[in-house]
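Worksheet: the structure to be examined is printed underneath.
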Amino acid sequence: MNLYRYASPATFHPLAGRLVPWFAALAAALAAAGLYISFFVAPTDFQQGEGYRIIFIHVPAAWMSMFIYIVMAFWSAIGLAWNTRLSFVMARALAPTGAMFTFVALWTGALWGKPMWGAWWVWDARLTSSLILLFLYVGYMALQAAIDDPRRADRAGALLNLVGVINVPIIYFSVKWWNTLHQGASVSLTRAPSMAQTMLWGMLVMALAAWMYTIAVALVRARTLILERERQTEWARAVLKEEA
Amino acid sequence: MIWESWDAFWAMGGYALYVWGSFGMTLACIAGEVWLLRRQRRQVVSRLRRLQRFDSQ
């Protein structure tokens with residue numbers, strides 16, 4: 001099998017179209033299972049009562065906000081190095097979903113902070129660096145919208161992503177490097193998680209659902225972008241004839 | 001079942017505003033994104049079809 005074949009827009013467009021319903025169905029099934037665990041299986045927290053259930057949205061959303069940015073920076077680097085059209089399209093297709101998850105992480109964080117800390121917002125290192133991440137996403141999208149020539153927009157945006165990705169380890173390690181109000185990591189690769197098994201499972205299933213959702217929407221967005229850019233080609237004309 | 005009643009479930013031990021505010025906003029964001037994506041796809045396809053007709057004339 002030749003993987004490079006899938007980097008060609010003419011092959012990618014129909015393939016992505018076939019994959020989207022599968023990822024969407026997986027996302028829905030995992031979200032249903034995750035919500036069931038979140039509300040009906042996971043026990044009440046002995047310190048935070050039922051309020052802690054926000055964790056099942058907050059942590060997966062925060063993971064996604066950082067991970068999507070890393071993936072965006074990865075596609076940007078590939079695009080800059082090899083000048084592959086599809087890489088830039090993928091970076092662009094991920095940005096709105098990344099911004100959405102960053103906003104959700106900040107919003108749920110505020111709704112968690114109010115009852116637990118007594119404040120919607122504090123200028124703590126974790127919160128501030130997450131807000132910067134939201135600005136990086138929004139800045140990237142604004143930059144794409146402001147430059148008319150798509151090839152220039154691609155390159156300028158890719159450069160911004162490669163500089164901005166420095167913020168991701170800062171967010172991740174902020175709770176270690178600085179004295180923050182935000183609690184430390186509940187889940188880590190190097191030690192046993194500091195929470196009940198069912199809580200951990202709920203978070204992991206929700207994170208997986210968020211992954212499948214992200215892949216589905218990014219593929220839909222990439223298809224539309226690629227069709228727009230390739231509208232003069234034979235395959236795009238054929239697709240437009242079929243799709244009403 | 002860990003909840004004594006549906007009322008207890010919706011009350012979330014006094015954290016209803018915060019818990020439902022979080023899950024509700026997330027649902028709204030996802031629904032909004034899916035709706036925008038579908039609209040964008042339709043708009044782009046119809047615009048490109050118009051351009052195509054224009055080109056072929």
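Chain lettering (A, B, ...) mirrors the order of the structure tokens, residue numbering begins at 1 for each chain separately, and ligand numbering begins at 1 in order of display.
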
Check: which chain A residues lie within 10 Å of chain B using only C-alpha atoms, as a ChimeraX atom specification: /A:35,39-44,48-58,61,96-97,100-101,103-105,107-115,213,217-218,220-221,223-225,227-228,231-232,236-237,239-241,243-244

All residues 9 Å or closer to A:Leu160, only C-alpha atoms, same chain fewer than 5 positions away omitted, as a list in words: Ala73, Leu136, Gly139, Tyr140, Arg155 and Val165 of chain A

Create the file for the chosen residues now, containing N, CA and C atoms and written as an mmCIF file, in the first residue's frame.
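What landed in again26.cif:
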data_model
loop_
_atom_site.group_PDB
_atom_site.id
_atom_site.type_symbol
_atom_site.label_atom_id
_atom_site.label_comp_id
_atom_site.auth_asym_id
_atom_site.auth_seq_id
_atom_site.Cartn_x
_atom_site.Cartn_y
_atom_site.Cartn_z
ATOM 1 N N ALA A 73 0.856 22.070 15.124
ATOM 2 C CA ALA A 73 2.259 22.457 14.936
ATOM 3 C C ALA A 73 2.989 21.388 14.131
ATOM 4 N N LEU A 136 -3.757 32.173 21.035
ATOM 5 C CA LEU A 136 -2.934 31.652 19.934
ATOM 6 C C LEU A 136 -3.819 31.021 18.854
ATOM 7 N N GLY A 139 -5.698 33.899 17.232
ATOM 8 C CA GLY A 139 -4.761 34.665 16.429
ATOM 9 C C GLY A 139 -4.436 33.953 15.126
ATOM 10 N N TYR A 140 -4.250 32.636 15.215
ATOM 11 C CA TYR A 140 -3.962 31.848 14.008
ATOM 12 C C TYR A 140 -5.129 31.934 13.021
ATOM 13 N N ARG A 155 1.850 29.609 5.128
ATOM 14 C CA ARG A 155 3.216 29.702 5.663
ATOM 15 C C ARG A 155 3.269 30.586 6.901
ATOM 16 N N VAL A 165 3.757 26.776 19.872
ATOM 17 C CA VAL A 165 3.734 25.453 20.502
ATOM 18 C C VAL A 165 4.592 25.431 21.774
#

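For the pair atom CA of B:Trp35 and atom CA of A:Met206, the separation is 21.5 Å.
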
Give me, as an mmCIF file with N, CA and C atoms, in the first residue's frame, all polymer residues having an atom no more than 12 Å from A:Val71, counting only C-alpha atoms and skipping those fewer than 5 positions away in the same chain.
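The resulting file, result-v8.cif, is reproduced below:
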data_model
loop_
_atom_site.group_PDB
_atom_site.id
_atom_site.type_symbol
_atom_site.label_atom_id
_atom_site.label_comp_id
_atom_site.auth_asym_id
_atom_site.auth_seq_id
_atom_site.Cartn_x
_atom_site.Cartn_y
_atom_site.Cartn_z
ATOM 1 N N MET A 64 -7.309 17.932 25.230
ATOM 2 C CA MET A 64 -7.520 18.148 23.791
ATOM 3 C C MET A 64 -6.963 19.498 23.359
ATOM 4 N N SER A 65 -7.190 20.547 24.173
ATOM 5 C CA SER A 65 -6.750 21.887 23.780
ATOM 6 C C SER A 65 -5.235 21.897 23.552
ATOM 7 N N MET A 66 -4.496 21.175 24.397
ATOM 8 C CA MET A 66 -3.038 21.143 24.241
ATOM 9 C C MET A 66 -2.629 20.202 23.107
ATOM 10 N N SER A 76 2.035 21.790 10.584
ATOM 11 C CA SER A 76 2.672 23.016 10.094
ATOM 12 C C SER A 76 4.131 22.754 9.737
ATOM 13 N N ALA A 77 4.821 21.994 10.609
ATOM 14 C CA ALA A 77 6.237 21.689 10.362
ATOM 15 C C ALA A 77 6.386 20.851 9.101
ATOM 16 N N ILE A 78 5.517 19.827 8.962
ATOM 17 C CA ILE A 78 5.556 18.983 7.762
ATOM 18 C C ILE A 78 5.303 19.837 6.520
ATOM 19 N N SER A 87 -1.044 19.079 4.357
ATOM 20 C CA SER A 87 -0.591 19.339 5.734
ATOM 21 C C SER A 87 -1.121 20.673 6.242
ATOM 22 N N PHE A 88 -1.010 21.708 5.414
ATOM 23 C CA PHE A 88 -1.496 23.022 5.822
ATOM 24 C C PHE A 88 -3.010 22.990 6.021
ATOM 25 N N MET A 90 -4.775 20.445 6.958
ATOM 26 C CA MET A 90 -5.057 19.760 8.220
ATOM 27 C C MET A 90 -4.861 20.700 9.410
ATOM 28 N N ALA A 91 -3.772 21.483 9.379
ATOM 29 C CA ALA A 91 -3.526 22.432 10.471
ATOM 30 C C ALA A 91 -4.694 23.408 10.579
ATOM 31 N N ARG A 92 -5.132 23.899 9.440
ATOM 32 C CA ARG A 92 -6.216 24.869 9.415
ATOM 33 C C ARG A 92 -7.537 24.252 9.869
ATOM 34 N N ALA A 93 -7.738 22.976 9.510
ATOM 35 C CA ALA A 93 -8.994 22.304 9.847
ATOM 36 C C ALA A 93 -9.103 22.036 11.345
ATOM 37 N N LEU A 94 -7.959 21.948 12.032
ATOM 38 C CA LEU A 94 -7.983 21.620 13.463
ATOM 39 C C LEU A 94 -8.203 22.837 14.353
ATOM 40 N N ALA A 95 -7.810 24.019 13.866
ATOM 41 C CA ALA A 95 -7.771 25.201 14.731
ATOM 42 C C ALA A 95 -9.108 25.541 15.413
ATOM 43 N N GLY A 98 -9.791 23.145 18.228
ATOM 44 C CA GLY A 98 -8.854 23.378 19.322
ATOM 45 C C GLY A 98 -9.272 24.585 20.146
ATOM 46 N N ALA A 158 1.697 28.680 9.740
ATOM 47 C CA ALA A 158 2.540 27.569 10.190
ATOM 48 C C ALA A 158 3.659 28.082 11.094
ATOM 49 N N ASN A 161 2.288 28.829 14.469
ATOM 50 C CA ASN A 161 2.048 27.602 15.233
ATOM 51 C C ASN A 161 3.343 27.035 15.809
ATOM 52 N N LEU A 162 4.433 27.127 15.031
ATOM 53 C CA LEU A 162 5.700 26.572 15.511
ATOM 54 C C LEU A 162 6.265 27.391 16.665
ATOM 55 N N VAL A 165 3.757 26.776 19.872
ATOM 56 C CA VAL A 165 3.734 25.453 20.502
ATOM 57 C C VAL A 165 4.592 25.431 21.774
ATOM 58 N N VAL A 168 2.699 25.133 25.018
ATOM 59 C CA VAL A 168 2.066 23.894 25.495
ATOM 60 C C VAL A 168 2.815 23.263 26.681
ATOM 61 N N TRP A 211 -11.565 12.780 21.134
ATOM 62 C CA TRP A 211 -10.649 12.486 20.038
ATOM 63 C C TRP A 211 -11.394 12.148 18.758
ATOM 64 N N THR A 214 -13.086 15.136 17.343
ATOM 65 C CA THR A 214 -12.125 16.043 16.704
ATOM 66 C C THR A 214 -11.732 15.539 15.318
ATOM 67 N N ILE A 215 -11.479 14.223 15.211
ATOM 68 C CA ILE A 215 -11.095 13.667 13.914
ATOM 69 C C ILE A 215 -12.241 13.866 12.920
ATOM 70 N N ALA A 218 -12.625 17.640 11.997
ATOM 71 C CA ALA A 218 -11.453 18.122 11.257
ATOM 72 C C ALA A 218 -11.467 17.571 9.831
#

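Atom CA of A:Arg229 lies 9.7 Å from atom CA of A:Pro9.
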
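Interatomic distance, atom CA of A:Asp148 against atom CA of A:Phe135: 21.4 Å.
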
Exercise: stretch 116-128 of chain A partners within 9 Å, only C-alpha atoms, chain neighbours under 6 positions left out, as a PyMOL selection string: chain A and resi 48+51+106+109-110+170-175+177-182
